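Visitor: Could you have a look at this structure, given as structure tokens, before my questions?
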Amino acid sequence: MKTAIYPGSFDPVTYGHIDIIERASQIVDKLVIGVLFNSSKTALFSVEERVKMLKEVTKHLPNVEVTDFSGMLVDFAEANDARIIVRGLRAVSDFEYEKQWAQANRSLKPQLDTIFLVTNAQYSYISSSAVRELTRFKCDTSLFVPPFVEQMLLDKIKMEDAKNEQN
Ligand code: ADP
């Protein structure tokens, strides 16, 4: 059984991520999405919220699992019996960073290989950070994220606004 992991912050998950997930899930037997809990990085959504949105947007894919993880990616791969890491490539600017990690991970665990899926042109400009920025300025994000995620973004901003008004 070929298992792959697809790690990321997914803060929030976008149509670009979903495209990679759908395509990767057709190549492997099982795809485990690892939602990174990173205590040093301040995320808009908690790891629980990010797992929830990923479960919702992948519920049509029977061989996809979603779970959170922290610590080393190579350990997460091993714990899931995965020998493949999936990453998406949008532009040359992604490449240097991704190459460095692919090589570092492989030197830590030689049985681990990273495969890159090149983004569909229609999604290549989409990033989670752009979605967060657009949401803060109350712009429409429906071209970037599915309706379920868009609603979570709107709820989050409403909550933040209410908190700011109190202070
Ligand atoms: P990280 O925080 O590690 O950068 P992200 O959550 O931003 O992770 O992204 C996870 C993975 O999805 C990365 O491999 C990234 O290159 C890829 N990715 C992000 N946005 C897109 C997109 N629009 N199209 C294709 N791949 C994407």
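To be explicit about the labels: the chains of the structure tokens are called A, B, and onward in the order shown, and within each one the residues are counted from 1, while ligands get numbers from 1 in the order they are shown.
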Dump the neighbourhood of ligand 1 as a ChimeraX atom specification: all residues within 10 Å, distances computed on only C-alpha atoms and all ligand atoms.

Guide: /A:6-21,33-36,38,41,43,85-91,93-95,97-98,115-129,144

Visitor: Quick one: DSSP strand (DSSP E or B) residues in chain A, as a VMD selection string?

Guide: chain A and resid 3 to 8 30 to 36 64 to 69 84 to 89 113 to 118

Visitor: Could those residues be written to a file, using N, CA and C atoms, as a tab-separated table (two decimals), in the first residue's frame?

Guide:
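Saved to out_25.tsv:
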```
chain	number	residue	atom	x	y	z
A	3	THR	N	1.44	4.92	0.75
A	3	THR	CA	0.89	6.03	1.54
A	3	THR	C	1.76	7.26	1.37
A	4	ALA	N	1.12	8.41	1.19
A	4	ALA	CA	1.86	9.68	1.09
A	4	ALA	C	1.32	10.64	2.14
A	5	ILE	N	2.19	11.57	2.53
A	5	ILE	CA	1.71	12.64	3.40
A	5	ILE	C	1.78	13.96	2.64
A	6	TYR	N	0.82	14.82	2.94
A	6	TYR	CA	0.81	16.17	2.35
A	6	TYR	C	0.78	17.15	3.53
A	7	PRO	N	1.95	17.69	3.88
A	7	PRO	CA	2.01	18.57	5.05
A	7	PRO	C	1.87	20.04	4.67
A	8	GLY	N	1.40	20.83	5.60
A	8	GLY	CA	1.31	22.27	5.38
A	8	GLY	C	0.63	22.97	6.53
A	30	LYS	N	-3.24	5.91	-0.24
A	30	LYS	CA	-3.75	6.67	0.90
A	30	LYS	C	-2.96	7.96	1.02
A	31	LEU	N	-3.69	9.07	1.23
A	31	LEU	CA	-3.03	10.37	1.40
A	31	LEU	C	-3.39	10.90	2.79
A	32	VAL	N	-2.36	11.16	3.58
A	32	VAL	CA	-2.59	11.72	4.92
A	32	VAL	C	-2.19	13.19	4.89
A	33	ILE	N	-3.17	14.05	5.13
A	33	ILE	CA	-2.88	15.49	5.17
A	33	ILE	C	-2.45	15.83	6.59
A	34	GLY	N	-1.27	16.40	6.71
A	34	GLY	CA	-0.73	16.77	8.03
A	34	GLY	C	-0.84	18.27	8.22
A	35	VAL	N	-1.66	18.66	9.19
A	35	VAL	CA	-1.85	20.09	9.45
A	35	VAL	C	-0.89	20.49	10.56
A	36	LEU	N	0.02	21.37	10.20
A	36	LEU	CA	1.12	21.69	11.11
A	36	LEU	C	0.68	22.58	12.27
A	64	VAL	N	-8.47	9.83	1.66
A	64	VAL	CA	-7.75	10.97	2.26
A	64	VAL	C	-8.09	11.08	3.74
A	65	GLU	N	-7.05	11.19	4.56
A	65	GLU	CA	-7.22	11.38	6.01
A	65	GLU	C	-6.63	12.73	6.39
A	66	VAL	N	-7.17	13.32	7.44
A	66	VAL	CA	-6.64	14.62	7.89
A	66	VAL	C	-6.28	14.50	9.37
A	67	THR	N	-5.08	14.96	9.70
A	67	THR	CA	-4.67	14.92	11.10
A	67	THR	C	-3.69	16.07	11.37
A	68	ASP	N	-3.58	16.45	12.63
A	68	ASP	CA	-2.60	17.49	12.94
A	68	ASP	C	-1.27	16.85	13.31
A	69	PHE	N	-0.21	17.62	13.22
A	69	PHE	CA	1.08	17.11	13.68
A	69	PHE	C	1.97	18.27	14.11
A	84	ILE	N	6.42	8.75	0.98
A	84	ILE	CA	6.29	9.84	0.01
A	84	ILE	C	5.76	11.11	0.69
A	85	ILE	N	6.42	12.23	0.40
A	85	ILE	CA	5.92	13.54	0.83
A	85	ILE	C	5.45	14.25	-0.43
A	86	VAL	N	4.26	14.80	-0.38
A	86	VAL	CA	3.74	15.55	-1.53
A	86	VAL	C	3.83	17.03	-1.21
A	87	ARG	N	4.32	17.80	-2.19
A	87	ARG	CA	4.32	19.26	-2.06
A	87	ARG	C	3.86	19.86	-3.39
A	88	GLY	N	3.30	21.04	-3.30
A	88	GLY	CA	2.85	21.72	-4.51
A	88	GLY	C	3.87	22.79	-4.89
A	89	LEU	N	4.06	22.97	-6.18
A	89	LEU	CA	4.97	24.02	-6.66
A	89	LEU	C	4.18	25.04	-7.47
A	113	ASP	N	10.95	10.03	-0.07
A	113	ASP	CA	11.10	10.85	-1.27
A	113	ASP	C	10.00	11.90	-1.32
A	114	THR	N	10.35	13.08	-1.86
A	114	THR	CA	9.35	14.14	-2.01
A	114	THR	C	8.95	14.21	-3.47
A	115	ILE	N	7.64	14.22	-3.72
A	115	ILE	CA	7.20	14.44	-5.10
A	115	ILE	C	6.48	15.78	-5.18
A	116	PHE	N	6.71	16.47	-6.29
A	116	PHE	CA	6.14	17.81	-6.46
A	116	PHE	C	5.07	17.78	-7.55
A	117	LEU	N	3.95	18.35	-7.23
A	117	LEU	CA	2.91	18.51	-8.25
A	117	LEU	C	2.86	19.99	-8.61
A	118	VAL	N	2.93	20.25	-9.90
A	118	VAL	CA	2.91	21.65	-10.36
A	118	VAL	C	1.46	22.13	-10.38
```

Visitor: Looking at A:Phe148, A:Phe45, A:Phe37, A:Phe137, which one is nearest to A:Gly71, with distances taken over only C-alpha atoms?

Guide: A:Phe37

Visitor: Can you check which parts of stretch 94-138 of chain A lie within 9 Å of stretch 73-79 of chain A? Per residue, the shortest pair of atoms and distance in Å to one decimal, counting only C-alpha atoms, sorted by chain and number, as JSON lines.

Guide:
```
{"residue": "A:Asn105", "atom": "CA", "partner": "A:Val74", "partner_atom": "CA", "distance": 6.4}
{"residue": "A:Arg106", "atom": "CA", "partner": "A:Val74", "partner_atom": "CA", "distance": 8.6}
{"residue": "A:Leu108", "atom": "CA", "partner": "A:Val74", "partner_atom": "CA", "distance": 7.5}
{"residue": "A:Lys109", "atom": "CA", "partner": "A:Val74", "partner_atom": "CA", "distance": 6.9}
{"residue": "A:Leu112", "atom": "CA", "partner": "A:Val74", "partner_atom": "CA", "distance": 7.8}
```

Visitor: For N, CA and C atoms, I'd like the residues from the last selection saved as a PDB file, in the first residue's frame.

Guide:
```pdb
ATOM      1  N   ASN A 105      15.296  16.218   4.276  1.00  0.00           N
ATOM      2  CA  ASN A 105      14.476  15.099   4.756  1.00  0.00           C
ATOM      3  C   ASN A 105      15.010  13.764   4.267  1.00  0.00           C
ATOM      4  N   ARG A 106      15.497  13.761   3.044  1.00  0.00           N
ATOM      5  CA  ARG A 106      16.012  12.518   2.475  1.00  0.00           C
ATOM      6  C   ARG A 106      17.321  12.118   3.151  1.00  0.00           C
ATOM      7  N   LEU A 108      17.939  12.701   6.260  1.00  0.00           N
ATOM      8  CA  LEU A 108      17.543  12.197   7.578  1.00  0.00           C
ATOM      9  C   LEU A 108      16.947  10.792   7.480  1.00  0.00           C
ATOM     10  N   LYS A 109      16.151  10.574   6.430  1.00  0.00           N
ATOM     11  CA  LYS A 109      15.497   9.257   6.219  1.00  0.00           C
ATOM     12  C   LYS A 109      15.588   8.929   4.732  1.00  0.00           C
ATOM     13  N   LEU A 112      12.729   8.158   2.304  1.00  0.00           N
ATOM     14  CA  LEU A 112      11.674   9.164   2.077  1.00  0.00           C
ATOM     15  C   LEU A 112      11.936   9.961   0.805  1.00  0.00           C
TER      16      LEU A 112
END
```

Visitor: Find the distance between atom CA of A:Ile157 and atom CA of A:Cys139 and write it in Å to one decimal.

Guide: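 A separation of 11.6 Å between them.
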
Visitor: For each of A:Leu61, A:Leu153, A:Leu134, A:Val47, take the minimum atom-to-atom distance to A:Gln26, counting only C-alpha atoms, then give the residue where this is smallest.

Guide: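 Result for the nearest residue to A:Gln26: A:Leu61.
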
Visitor: Env of A:Leu154: 12 Å cut, atoms = only C-alpha atoms, seq-sep filter 2 positions within chain, self excluded. Answer as an mmCIF file with N, CA and C atoms, in the first residue's frame.

Guide:
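After the write, part-v7.cif holds the following:
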```
data_model
loop_
_atom_site.group_PDB
_atom_site.id
_atom_site.type_symbol
_atom_site.label_atom_id
_atom_site.label_comp_id
_atom_site.auth_asym_id
_atom_site.auth_seq_id
_atom_site.Cartn_x
_atom_site.Cartn_y
_atom_site.Cartn_z
ATOM 1 N N LEU A 44 -3.932 32.317 11.852
ATOM 2 C CA LEU A 44 -5.267 32.915 11.984
ATOM 3 C C LEU A 44 -6.217 31.891 12.603
ATOM 4 N N PHE A 45 -6.160 30.658 12.098
ATOM 5 C CA PHE A 45 -7.032 29.590 12.596
ATOM 6 C C PHE A 45 -6.249 28.640 13.502
ATOM 7 N N VAL A 131 -5.183 35.187 0.971
ATOM 8 C CA VAL A 131 -6.572 35.015 1.430
ATOM 9 C C VAL A 131 -6.771 35.701 2.781
ATOM 10 N N ARG A 132 -5.807 35.539 3.688
ATOM 11 C CA ARG A 132 -5.917 36.179 5.020
ATOM 12 C C ARG A 132 -5.951 37.704 4.870
ATOM 13 N N LEU A 134 -6.821 39.500 2.181
ATOM 14 C CA LEU A 134 -8.073 39.939 1.542
ATOM 15 C C LEU A 134 -9.219 39.933 2.542
ATOM 16 N N THR A 135 -9.232 38.911 3.397
ATOM 17 C CA THR A 135 -10.307 38.810 4.397
ATOM 18 C C THR A 135 -10.253 39.983 5.356
ATOM 19 N N ARG A 136 -9.042 40.354 5.771
ATOM 20 C CA ARG A 136 -8.903 41.479 6.708
ATOM 21 C C ARG A 136 -9.462 42.763 6.117
ATOM 22 N N PHE A 137 -9.339 42.895 4.779
ATOM 23 C CA PHE A 137 -9.879 44.086 4.120
ATOM 24 C C PHE A 137 -11.304 43.851 3.627
ATOM 25 N N LYS A 138 -11.896 42.786 4.099
ATOM 26 C CA LYS A 138 -13.293 42.439 3.801
ATOM 27 C C LYS A 138 -13.556 42.292 2.291
ATOM 28 N N CYS A 139 -12.555 41.751 1.581
ATOM 29 C CA CYS A 139 -12.726 41.507 0.139
ATOM 30 C C CYS A 139 -13.311 40.110 -0.074
ATOM 31 N N ASP A 140 -13.906 39.946 -1.233
ATOM 32 C CA ASP A 140 -14.494 38.667 -1.608
ATOM 33 C C ASP A 140 -13.373 37.628 -1.821
ATOM 34 N N THR A 141 -13.491 36.455 -1.199
ATOM 35 C CA THR A 141 -12.457 35.420 -1.375
ATOM 36 C C THR A 141 -13.018 34.186 -2.098
ATOM 37 N N SER A 142 -14.202 34.343 -2.690
ATOM 38 C CA SER A 142 -14.871 33.159 -3.250
ATOM 39 C C SER A 142 -14.116 32.525 -4.437
ATOM 40 N N VAL A 145 -11.250 30.251 -2.131
ATOM 41 C CA VAL A 145 -11.585 29.196 -1.146
ATOM 42 C C VAL A 145 -13.038 28.739 -1.328
ATOM 43 N N PRO A 147 -16.960 27.691 -0.304
ATOM 44 C CA PRO A 147 -17.903 28.423 0.557
ATOM 45 C C PRO A 147 -17.775 28.104 2.050
ATOM 46 N N PHE A 148 -17.519 26.852 2.406
ATOM 47 C CA PHE A 148 -17.398 26.481 3.824
ATOM 48 C C PHE A 148 -16.252 27.250 4.492
ATOM 49 N N VAL A 149 -15.139 27.356 3.781
ATOM 50 C CA VAL A 149 -13.965 28.062 4.319
ATOM 51 C C VAL A 149 -14.226 29.567 4.350
ATOM 52 N N GLU A 150 -14.899 30.045 3.306
ATOM 53 C CA GLU A 150 -15.228 31.473 3.250
ATOM 54 C C GLU A 150 -16.071 31.866 4.466
ATOM 55 N N GLN A 151 -17.026 31.010 4.813
ATOM 56 C CA GLN A 151 -17.876 31.298 5.974
ATOM 57 C C GLN A 151 -17.042 31.305 7.260
ATOM 58 N N MET A 152 -16.114 30.343 7.364
ATOM 59 C CA MET A 152 -15.258 30.318 8.571
ATOM 60 C C MET A 152 -14.405 31.585 8.659
ATOM 61 N N LYS A 156 -14.579 34.326 11.643
ATOM 62 C CA LYS A 156 -13.343 34.643 12.379
ATOM 63 C C LYS A 156 -13.128 36.159 12.437
ATOM 64 N N ILE A 157 -13.328 36.826 11.296
ATOM 65 C CA ILE A 157 -13.119 38.278 11.243
ATOM 66 C C ILE A 157 -14.145 39.003 12.113
ATOM 67 N N LYS A 158 -15.383 38.504 12.088
ATOM 68 C CA LYS A 158 -16.432 39.101 12.919
ATOM 69 C C LYS A 158 -16.029 39.006 14.394
ATOM 70 N N MET A 159 -15.526 37.833 14.773
ATOM 71 C CA MET A 159 -15.100 37.627 16.168
ATOM 72 C C MET A 159 -13.954 38.560 16.542
ATOM 73 N N GLU A 160 -12.995 38.700 15.614
ATOM 74 C CA GLU A 160 -11.835 39.574 15.887
ATOM 75 C C GLU A 160 -12.279 41.030 16.006
ATOM 76 N N ASP A 161 -13.211 41.448 15.126
ATOM 77 C CA ASP A 161 -13.733 42.816 15.177
ATOM 78 C C ASP A 161 -14.420 43.075 16.517
#
```

Visitor: Quick one, how far is atom CA of A:Ala130 from atom CA of A:Trp101?

Guide: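 Atom CA of A:Ala130 sits 23.5 Å away from atom CA of A:Trp101.
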
Visitor: For atom CA of A:Glu48 and atom CA of A:Asp155, quote the distance in Å rounded to one decimal.

Guide: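 A separation of 15.3 Å between them.
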
Visitor: Give the alpha helix (DSSP H) residues of chain A, as DSSP finds them on the backbone, and put them as a ChimeraX atom specification.

Guide: /A:15-27,47-57,73-79,92-108,128-136,147-166
